Amino acid sequence: MVPVLSSAALVLHNLGLATGFGGTLFGKIALNPAVRVIDRKEERGQVANAAWNGFNIVNAVSVGTAAITWLIGRSKLSGREIDRETRGLVIAKDILLGATLALGAANIFSGARLAAQAPEGAVPAETGLTPSEETPSKARKLMKTLDVMGIVNIAAMAGVIGITALLNMRAGASAKWPVVARFLP
């Protein structure tokens with residue numbers, strides 16, 4: 001018998017990670033460069049800021065859901081149920097997921113601060129996070145900070161997704177896991 005609540009939690013966890021990772025990656029490699037087709041540099045900033053600040057709520061809910069489902073599962077399981085190596089993977093996932101949450105919150109806060117640098121978020125930009133010559137100094141610093149945090153956040157989320165896959169494979173290959181899984185909701 002498949003544990004229904006645990007299976008639903010795993011689906012929500014994976015969907016949350018996929019949404020956070022995919023949306024952030026899309027924004028970084030597609031949206032930010034694409035605003036260059038807009039003639040006015042202020043409109044580029046306005047569009048990029050509106051898009052990112054619109055995605056922030058989806059991202060927060062998605063990554064938050066991944067974190068909540070992980071924490072609920074972690075309150076019951078440590079990874080020791082399988083073996084020592086799996087326990088290490090669980091701790092690594094704790095660290096990377098914590099980093100993802102912290103970076104996501106910092107990105108949301110910094111993105112709101114960036115948008116507040118000009119009416120309606122119309123901060124002059126070459127691309128989404130590439131300052132133009134007209135970009136004010138404070139906005140320029142925020143763009144650079146957001147750019148670096150975005151890269152680190154994508155790497156952390158990729159790590160969480162990779163470790164999640166490894167944990168699922170280790171559980172599937174474990175002789176102990178089917179016994180433990182019987183007691184899950």
# chains A, B, ... in the order shown; residues from 1 in each chain; ligands from 1
call {"tool": "residues_around", "arguments": {"residues": "A:Val152", "least_positions_apart": "3", "cutoff": "12 Å", "atoms": "only C-alpha atoms", "output": "list in words"}}
result
Phe21, Thr24, Leu25, Lys28, Leu96, Ala99, Thr100, Leu101, Ala102, Leu103, Gly104, Ala106, Asn107, Thr145, Leu146, Asp147, Val148, Met149, Ala155, Ala156, Met157, Ala158 and Gly159 of chain A
call {"tool": "write_last_selection", "arguments": {"atoms": "N, CA and C atoms", "output": "short mmCIF file (atom, residue, chain, number, x, y, z; two decimals), in the first residue's frame"}}
result
data_model
loop_
_atom_site.label_atom_id
_atom_site.label_comp_id
_atom_site.auth_asym_id
_atom_site.auth_seq_id
_atom_site.Cartn_x
_atom_site.Cartn_y
_atom_site.Cartn_z
N PHE A 21 12.60 26.61 -9.24
CA PHE A 21 13.79 26.48 -10.08
C PHE A 21 13.50 26.93 -11.50
N THR A 24 12.75 30.77 -11.81
CA THR A 24 13.95 31.57 -11.58
C THR A 24 14.92 31.43 -12.75
N LEU A 25 15.10 30.22 -13.24
CA LEU A 25 15.98 29.99 -14.38
C LEU A 25 15.45 30.70 -15.63
N LYS A 28 16.10 34.41 -15.33
CA LYS A 28 17.52 34.74 -15.46
C LYS A 28 18.01 34.64 -16.90
N LEU A 96 21.02 23.16 1.91
CA LEU A 96 20.70 23.78 0.62
C LEU A 96 19.29 24.35 0.58
N ALA A 99 19.35 27.53 2.47
CA ALA A 99 19.97 28.58 1.64
C ALA A 99 18.98 29.07 0.59
N THR A 100 18.24 28.16 -0.01
CA THR A 100 17.24 28.53 -1.01
C THR A 100 16.17 29.44 -0.41
N LEU A 101 15.71 29.10 0.78
CA LEU A 101 14.70 29.95 1.44
C LEU A 101 15.26 31.33 1.76
N ALA A 102 16.46 31.36 2.32
CA ALA A 102 17.08 32.64 2.69
C ALA A 102 17.34 33.50 1.46
N LEU A 103 17.88 32.89 0.41
CA LEU A 103 18.15 33.64 -0.82
C LEU A 103 16.85 34.11 -1.48
N GLY A 104 15.84 33.26 -1.47
CA GLY A 104 14.55 33.65 -2.04
C GLY A 104 13.97 34.85 -1.32
N ALA A 106 15.66 37.06 0.45
CA ALA A 106 16.53 38.21 0.16
C ALA A 106 16.28 38.76 -1.24
N ASN A 107 16.04 37.88 -2.19
CA ASN A 107 15.74 38.31 -3.56
C ASN A 107 14.42 39.07 -3.62
N THR A 145 23.71 42.82 -6.84
CA THR A 145 23.42 41.91 -5.74
C THR A 145 22.38 40.87 -6.15
N LEU A 146 21.31 41.33 -6.78
CA LEU A 146 20.26 40.41 -7.24
C LEU A 146 20.79 39.43 -8.27
N ASP A 147 21.67 39.89 -9.14
CA ASP A 147 22.24 39.01 -10.15
C ASP A 147 23.03 37.87 -9.50
N VAL A 148 23.89 38.20 -8.55
CA VAL A 148 24.70 37.18 -7.87
C VAL A 148 23.82 36.26 -7.03
N MET A 149 22.89 36.84 -6.27
CA MET A 149 22.02 36.01 -5.44
C MET A 149 21.17 35.08 -6.30
N ALA A 155 21.71 27.61 -8.22
CA ALA A 155 22.61 26.51 -7.88
C ALA A 155 22.13 25.76 -6.64
N ALA A 156 21.68 26.49 -5.63
CA ALA A 156 21.18 25.84 -4.41
C ALA A 156 19.93 25.01 -4.71
N MET A 157 19.01 25.57 -5.49
CA MET A 157 17.80 24.81 -5.84
C MET A 157 18.14 23.58 -6.67
N ALA A 158 19.09 23.72 -7.59
CA ALA A 158 19.51 22.55 -8.37
C ALA A 158 20.08 21.47 -7.44
N GLY A 159 20.82 21.90 -6.44
CA GLY A 159 21.35 20.95 -5.46
C GLY A 159 20.24 20.25 -4.69
#
call {"tool": "residues_around", "arguments": {"residues": "stretch 60-66 of chain A", "least_positions_apart": "2", "cutoff": "7 Å", "atoms": "only C-alpha atoms", "output": "MDAnalysis selection string"}}
result
chainID A and resid 12:14 16:17 19:20 56:58 68:70
call {"tool": "select_by_dssp", "arguments": {"residues": "stretch 4-183 of chain A", "states": "helix (DSSP H, G or I)", "output": "number ranges by chain"}}
result
A: 4-37, 41-76, 84-115, 119-121, 137-173, 177-181
call {"tool": "write_last_selection", "arguments": {"atoms": "C-alpha atoms", "output": "tab-separated table (two decimals), in the first residue's frame"}}
result
chain	number	residue	atom	x	y	z
A	4	VAL	CA	-1.29	8.57	0.48
A	5	LEU	CA	-0.32	11.67	2.51
A	6	SER	CA	3.38	11.01	2.08
A	7	SER	CA	2.94	10.58	-1.67
A	8	ALA	CA	0.89	13.79	-1.92
A	9	ALA	CA	3.53	15.63	0.13
A	10	LEU	CA	6.29	14.37	-2.19
A	11	VAL	CA	4.35	15.57	-5.24
A	12	LEU	CA	3.78	19.01	-3.68
A	13	HIS	CA	7.44	19.14	-2.62
A	14	ASN	CA	8.67	18.34	-6.12
A	15	LEU	CA	6.20	20.73	-7.79
A	16	GLY	CA	7.33	23.50	-5.44
A	17	LEU	CA	10.98	22.89	-6.28
A	18	ALA	CA	10.25	22.64	-10.01
A	19	THR	CA	8.27	25.89	-10.03
A	20	GLY	CA	10.88	27.80	-8.04
A	21	PHE	CA	13.79	26.48	-10.08
A	22	GLY	CA	12.11	26.73	-13.48
A	23	GLY	CA	10.69	30.19	-12.93
A	24	THR	CA	13.95	31.57	-11.58
A	25	LEU	CA	15.98	29.99	-14.38
A	26	PHE	CA	13.54	31.29	-17.01
A	27	GLY	CA	13.74	34.79	-15.59
A	28	LYS	CA	17.52	34.74	-15.46
A	29	ILE	CA	18.24	33.35	-18.92
A	30	ALA	CA	15.17	34.40	-20.93
A	31	LEU	CA	13.19	37.26	-19.38
A	32	ASN	CA	16.07	39.48	-18.26
A	33	PRO	CA	17.85	39.45	-21.65
A	34	ALA	CA	14.56	39.74	-23.59
A	35	VAL	CA	13.68	43.17	-22.22
A	36	ARG	CA	16.52	44.55	-24.35
A	37	VAL	CA	14.05	44.61	-27.30
A	41	LYS	CA	15.65	51.78	-20.84
A	42	GLU	CA	13.16	52.88	-18.17
A	43	GLU	CA	10.50	50.63	-19.69
A	44	ARG	CA	12.96	47.73	-19.67
A	45	GLY	CA	13.36	48.15	-15.93
A	46	GLN	CA	9.64	48.60	-15.44
A	47	VAL	CA	8.79	45.41	-17.33
A	48	ALA	CA	11.52	43.36	-15.63
A	49	ASN	CA	10.57	44.61	-12.18
A	50	ALA	CA	6.86	44.01	-12.78
A	51	ALA	CA	7.52	40.48	-14.03
A	52	TRP	CA	9.87	39.53	-11.19
A	53	ASN	CA	7.69	41.08	-8.51
A	54	GLY	CA	4.69	39.29	-10.02
A	55	PHE	CA	6.54	35.96	-9.90
A	56	ASN	CA	7.71	36.50	-6.32
A	57	ILE	CA	4.42	35.40	-4.76
A	58	VAL	CA	4.33	32.22	-6.87
A	59	ASN	CA	7.97	31.56	-6.05
A	60	ALA	CA	7.47	32.16	-2.32
A	61	VAL	CA	4.45	29.84	-2.16
A	62	SER	CA	6.18	27.17	-4.26
A	63	VAL	CA	9.48	27.11	-2.40
A	64	GLY	CA	7.61	27.55	0.89
A	65	THR	CA	5.52	24.48	0.09
A	66	ALA	CA	8.67	22.50	-0.70
A	67	ALA	CA	10.19	23.60	2.61
A	68	ILE	CA	7.08	22.86	4.68
A	69	THR	CA	6.64	19.38	3.22
A	70	TRP	CA	10.35	18.69	3.80
A	71	LEU	CA	10.19	19.90	7.41
A	72	ILE	CA	7.12	17.79	8.15
A	73	GLY	CA	8.85	14.73	6.72
A	74	ARG	CA	12.08	15.60	8.55
A	75	SER	CA	10.19	15.70	11.85
A	76	LYS	CA	9.52	11.98	11.36
A	84	ARG	CA	24.80	6.78	7.25
A	85	GLU	CA	25.32	8.10	3.70
A	86	THR	CA	21.63	8.86	3.37
A	87	ARG	CA	21.76	10.75	6.67
A	88	GLY	CA	24.52	12.93	5.16
A	89	LEU	CA	22.36	13.60	2.09
A	90	VAL	CA	19.48	14.64	4.35
A	91	ILE	CA	21.72	17.13	6.17
A	92	ALA	CA	23.05	18.47	2.86
A	93	LYS	CA	19.48	18.96	1.67
A	94	ASP	CA	18.62	20.76	4.92
A	95	ILE	CA	21.48	23.20	4.30
A	96	LEU	CA	20.70	23.78	0.62
A	97	LEU	CA	16.98	24.17	1.22
A	98	GLY	CA	17.70	26.64	4.02
A	99	ALA	CA	19.97	28.58	1.64
A	100	THR	CA	17.24	28.53	-1.01
A	101	LEU	CA	14.70	29.95	1.44
A	102	ALA	CA	17.08	32.64	2.69
A	103	LEU	CA	18.15	33.64	-0.82
A	104	GLY	CA	14.55	33.65	-2.04
A	105	ALA	CA	13.51	35.97	0.79
A	106	ALA	CA	16.53	38.21	0.16
A	107	ASN	CA	15.74	38.31	-3.56
A	108	ILE	CA	12.12	39.26	-2.91
A	109	PHE	CA	13.14	42.02	-0.51
A	110	SER	CA	15.93	43.30	-2.77
A	111	GLY	CA	13.68	43.17	-5.85
A	112	ALA	CA	11.08	45.30	-4.07
A	113	ARG	CA	13.81	47.76	-3.05
A	114	LEU	CA	15.05	47.90	-6.64
A	115	ALA	CA	11.57	48.58	-8.01
A	119	PRO	CA	8.14	55.35	-10.07
A	120	GLU	CA	6.38	52.15	-11.23
A	121	GLY	CA	9.72	50.31	-11.10
A	137	SER	CA	24.13	54.09	-8.04
A	138	LYS	CA	21.88	52.47	-5.42
A	139	ALA	CA	19.85	50.66	-8.11
A	140	ARG	CA	23.08	49.57	-9.80
A	141	LYS	CA	24.27	47.94	-6.55
A	142	LEU	CA	20.91	46.25	-6.03
A	143	MET	CA	21.00	44.87	-9.60
A	144	LYS	CA	24.45	43.40	-9.08
A	145	THR	CA	23.42	41.91	-5.74
A	146	LEU	CA	20.26	40.41	-7.24
A	147	ASP	CA	22.24	39.01	-10.15
A	148	VAL	CA	24.70	37.18	-7.87
A	149	MET	CA	22.02	36.01	-5.44
A	150	GLY	CA	19.97	34.71	-8.37
A	151	ILE	CA	22.86	32.59	-9.63
A	152	VAL	CA	23.58	31.20	-6.16
A	153	ASN	CA	19.86	30.53	-5.61
A	154	ILE	CA	19.58	28.60	-8.88
A	155	ALA	CA	22.61	26.51	-7.88
A	156	ALA	CA	21.18	25.84	-4.41
A	157	MET	CA	17.80	24.81	-5.84
A	158	ALA	CA	19.51	22.55	-8.37
A	159	GLY	CA	21.35	20.95	-5.46
A	160	VAL	CA	18.10	20.41	-3.56
A	161	ILE	CA	16.50	18.83	-6.64
A	162	GLY	CA	19.53	16.59	-7.22
A	163	ILE	CA	19.66	15.45	-3.60
A	164	THR	CA	15.90	14.83	-3.62
A	165	ALA	CA	16.37	12.52	-6.60
A	166	LEU	CA	19.26	10.72	-4.86
A	167	LEU	CA	17.21	10.30	-1.69
A	168	ASN	CA	14.30	8.86	-3.67
A	169	MET	CA	16.62	6.43	-5.45
A	170	ARG	CA	18.29	5.37	-2.20
A	171	ALA	CA	14.91	4.79	-0.57
A	172	GLY	CA	13.77	2.74	-3.55
A	173	ALA	CA	16.90	0.58	-3.41
A	177	TRP	CA	12.69	1.56	3.47
A	178	PRO	CA	9.60	-0.56	2.66
A	179	VAL	CA	9.31	-1.45	6.36
A	180	VAL	CA	9.63	2.20	7.40
A	181	ALA	CA	7.24	3.39	4.66
call {"tool": "atom_distance", "arguments": {"atom1": "atom CA of A:Ala116", "atom2": "atom CA of A:Glu134"}}
result
16.0 Å
call {"tool": "select_by_dssp", "arguments": {"residues": "stretch 43-169 of chain A", "states": "strand (DSSP E or B)", "output": "list of chain:residue names"}}
result
A:Ala125, A:Glu126, A:Thr127, A:Thr130, A:Pro131
call {"tool": "write_last_selection", "arguments": {"atoms": "N, CA and C atoms", "output": "mmCIF file, in the first residue's frame"}}
result
data_model
loop_
_atom_site.group_PDB
_atom_site.id
_atom_site.type_symbol
_atom_site.label_atom_id
_atom_site.label_comp_id
_atom_site.auth_asym_id
_atom_site.auth_seq_id
_atom_site.Cartn_x
_atom_site.Cartn_y
_atom_site.Cartn_z
ATOM 1 N N ALA A 125 17.649 50.295 -17.402
ATOM 2 C CA ALA A 125 18.446 49.068 -17.451
ATOM 3 C C ALA A 125 18.759 48.707 -18.894
ATOM 4 N N GLU A 126 19.883 48.042 -19.076
ATOM 5 C CA GLU A 126 20.216 47.461 -20.384
ATOM 6 C C GLU A 126 19.395 46.195 -20.570
ATOM 7 N N THR A 127 19.436 45.340 -19.556
ATOM 8 C CA THR A 127 18.594 44.135 -19.508
ATOM 9 C C THR A 127 18.022 44.084 -18.101
ATOM 10 N N THR A 130 21.046 44.142 -15.758
ATOM 11 C CA THR A 130 22.269 44.795 -16.231
ATOM 12 C C THR A 130 22.014 46.291 -16.242
ATOM 13 N N PRO A 131 22.737 47.034 -15.384
ATOM 14 C CA PRO A 131 22.520 48.472 -15.326
ATOM 15 C C PRO A 131 22.932 49.166 -16.614
#
call {"tool": "decode", "arguments": {"residues": "stretch 37-172 of chain A", "atoms": "C-alpha atoms", "output": "compact mmCIF listing (two decimals), in the first residue's frame"}}
result
# COMPACT_ATOMS: atom_id res chain seq x y z
CA VAL A 37 14.05 44.61 -27.30
CA ILE A 38 12.22 47.44 -25.53
CA ASP A 39 13.53 50.79 -26.77
CA ARG A 40 13.29 52.88 -23.61
CA LYS A 41 15.65 51.78 -20.84
CA GLU A 42 13.16 52.88 -18.17
CA GLU A 43 10.50 50.63 -19.69
CA ARG A 44 12.96 47.73 -19.67
CA GLY A 45 13.36 48.15 -15.93
CA GLN A 46 9.64 48.60 -15.44
CA VAL A 47 8.79 45.41 -17.33
CA ALA A 48 11.52 43.36 -15.63
CA ASN A 49 10.57 44.61 -12.18
CA ALA A 50 6.86 44.01 -12.78
CA ALA A 51 7.52 40.48 -14.03
CA TRP A 52 9.87 39.53 -11.19
CA ASN A 53 7.69 41.08 -8.51
CA GLY A 54 4.69 39.29 -10.02
CA PHE A 55 6.54 35.96 -9.90
CA ASN A 56 7.71 36.50 -6.32
CA ILE A 57 4.42 35.40 -4.76
CA VAL A 58 4.33 32.22 -6.87
CA ASN A 59 7.97 31.56 -6.05
CA ALA A 60 7.47 32.16 -2.32
CA VAL A 61 4.45 29.84 -2.16
CA SER A 62 6.18 27.17 -4.26
CA VAL A 63 9.48 27.11 -2.40
CA GLY A 64 7.61 27.55 0.89
CA THR A 65 5.52 24.48 0.09
CA ALA A 66 8.67 22.50 -0.70
CA ALA A 67 10.19 23.60 2.61
CA ILE A 68 7.08 22.86 4.68
CA THR A 69 6.64 19.38 3.22
CA TRP A 70 10.35 18.69 3.80
CA LEU A 71 10.19 19.90 7.41
CA ILE A 72 7.12 17.79 8.15
CA GLY A 73 8.85 14.73 6.72
CA ARG A 74 12.08 15.60 8.55
CA SER A 75 10.19 15.70 11.85
CA LYS A 76 9.52 11.98 11.36
CA LEU A 77 12.59 10.78 9.44
CA SER A 78 16.29 11.59 9.69
CA GLY A 79 17.79 9.46 6.91
CA ARG A 80 19.32 7.10 9.46
CA GLU A 81 16.45 4.74 8.67
CA ILE A 82 18.34 3.83 5.50
CA ASP A 83 22.06 4.32 6.25
CA ARG A 84 24.80 6.78 7.25
CA GLU A 85 25.32 8.10 3.70
CA THR A 86 21.63 8.86 3.37
CA ARG A 87 21.76 10.75 6.67
CA GLY A 88 24.52 12.93 5.16
CA LEU A 89 22.36 13.60 2.09
CA VAL A 90 19.48 14.64 4.35
CA ILE A 91 21.72 17.13 6.17
CA ALA A 92 23.05 18.47 2.86
CA LYS A 93 19.48 18.96 1.67
CA ASP A 94 18.62 20.76 4.92
CA ILE A 95 21.48 23.20 4.30
CA LEU A 96 20.70 23.78 0.62
CA LEU A 97 16.98 24.17 1.22
CA GLY A 98 17.70 26.64 4.02
CA ALA A 99 19.97 28.58 1.64
CA THR A 100 17.24 28.53 -1.01
CA LEU A 101 14.70 29.95 1.44
CA ALA A 102 17.08 32.64 2.69
CA LEU A 103 18.15 33.64 -0.82
CA GLY A 104 14.55 33.65 -2.04
CA ALA A 105 13.51 35.97 0.79
CA ALA A 106 16.53 38.21 0.16
CA ASN A 107 15.74 38.31 -3.56
CA ILE A 108 12.12 39.26 -2.91
CA PHE A 109 13.14 42.02 -0.51
CA SER A 110 15.93 43.30 -2.77
CA GLY A 111 13.68 43.17 -5.85
CA ALA A 112 11.08 45.30 -4.07
CA ARG A 113 13.81 47.76 -3.05
CA LEU A 114 15.05 47.90 -6.64
CA ALA A 115 11.57 48.58 -8.01
CA ALA A 116 11.12 51.33 -5.42
CA GLN A 117 14.09 53.23 -6.87
CA ALA A 118 11.87 54.72 -9.60
CA PRO A 119 8.14 55.35 -10.07
CA GLU A 120 6.38 52.15 -11.23
CA GLY A 121 9.72 50.31 -11.10
CA ALA A 122 11.00 52.16 -14.17
CA VAL A 123 14.68 51.84 -13.23
CA PRO A 124 16.81 52.35 -16.37
CA ALA A 125 18.45 49.07 -17.45
CA GLU A 126 20.22 47.46 -20.38
CA THR A 127 18.59 44.13 -19.51
CA GLY A 128 16.66 42.92 -16.47
CA LEU A 129 19.62 43.09 -14.11
CA THR A 130 22.27 44.79 -16.23
CA PRO A 131 22.52 48.47 -15.33
CA SER A 132 22.68 51.15 -17.99
CA GLU A 133 24.72 54.33 -17.79
CA GLU A 134 21.55 56.05 -16.53
CA THR A 135 20.98 53.59 -13.68
CA PRO A 136 21.32 55.34 -10.30
CA SER A 137 24.13 54.09 -8.04
CA LYS A 138 21.88 52.47 -5.42
CA ALA A 139 19.85 50.66 -8.11
CA ARG A 140 23.08 49.57 -9.80
CA LYS A 141 24.27 47.94 -6.55
CA LEU A 142 20.91 46.25 -6.03
CA MET A 143 21.00 44.87 -9.60
CA LYS A 144 24.45 43.40 -9.08
CA THR A 145 23.42 41.91 -5.74
CA LEU A 146 20.26 40.41 -7.24
CA ASP A 147 22.24 39.01 -10.15
CA VAL A 148 24.70 37.18 -7.87
CA MET A 149 22.02 36.01 -5.44
CA GLY A 150 19.97 34.71 -8.37
CA ILE A 151 22.86 32.59 -9.63
CA VAL A 152 23.58 31.20 -6.16
CA ASN A 153 19.86 30.53 -5.61
CA ILE A 154 19.58 28.60 -8.88
CA ALA A 155 22.61 26.51 -7.88
CA ALA A 156 21.18 25.84 -4.41
CA MET A 157 17.80 24.81 -5.84
CA ALA A 158 19.51 22.55 -8.37
CA GLY A 159 21.35 20.95 -5.46
CA VAL A 160 18.10 20.41 -3.56
CA ILE A 161 16.50 18.83 -6.64
CA GLY A 162 19.53 16.59 -7.22
CA ILE A 163 19.66 15.45 -3.60
CA THR A 164 15.90 14.83 -3.62
CA ALA A 165 16.37 12.52 -6.60
CA LEU A 166 19.26 10.72 -4.86
CA LEU A 167 17.21 10.30 -1.69
CA ASN A 168 14.30 8.86 -3.67
CA MET A 169 16.62 6.43 -5.45
CA ARG A 170 18.29 5.37 -2.20
CA ALA A 171 14.91 4.79 -0.57
CA GLY A 172 13.77 2.74 -3.55
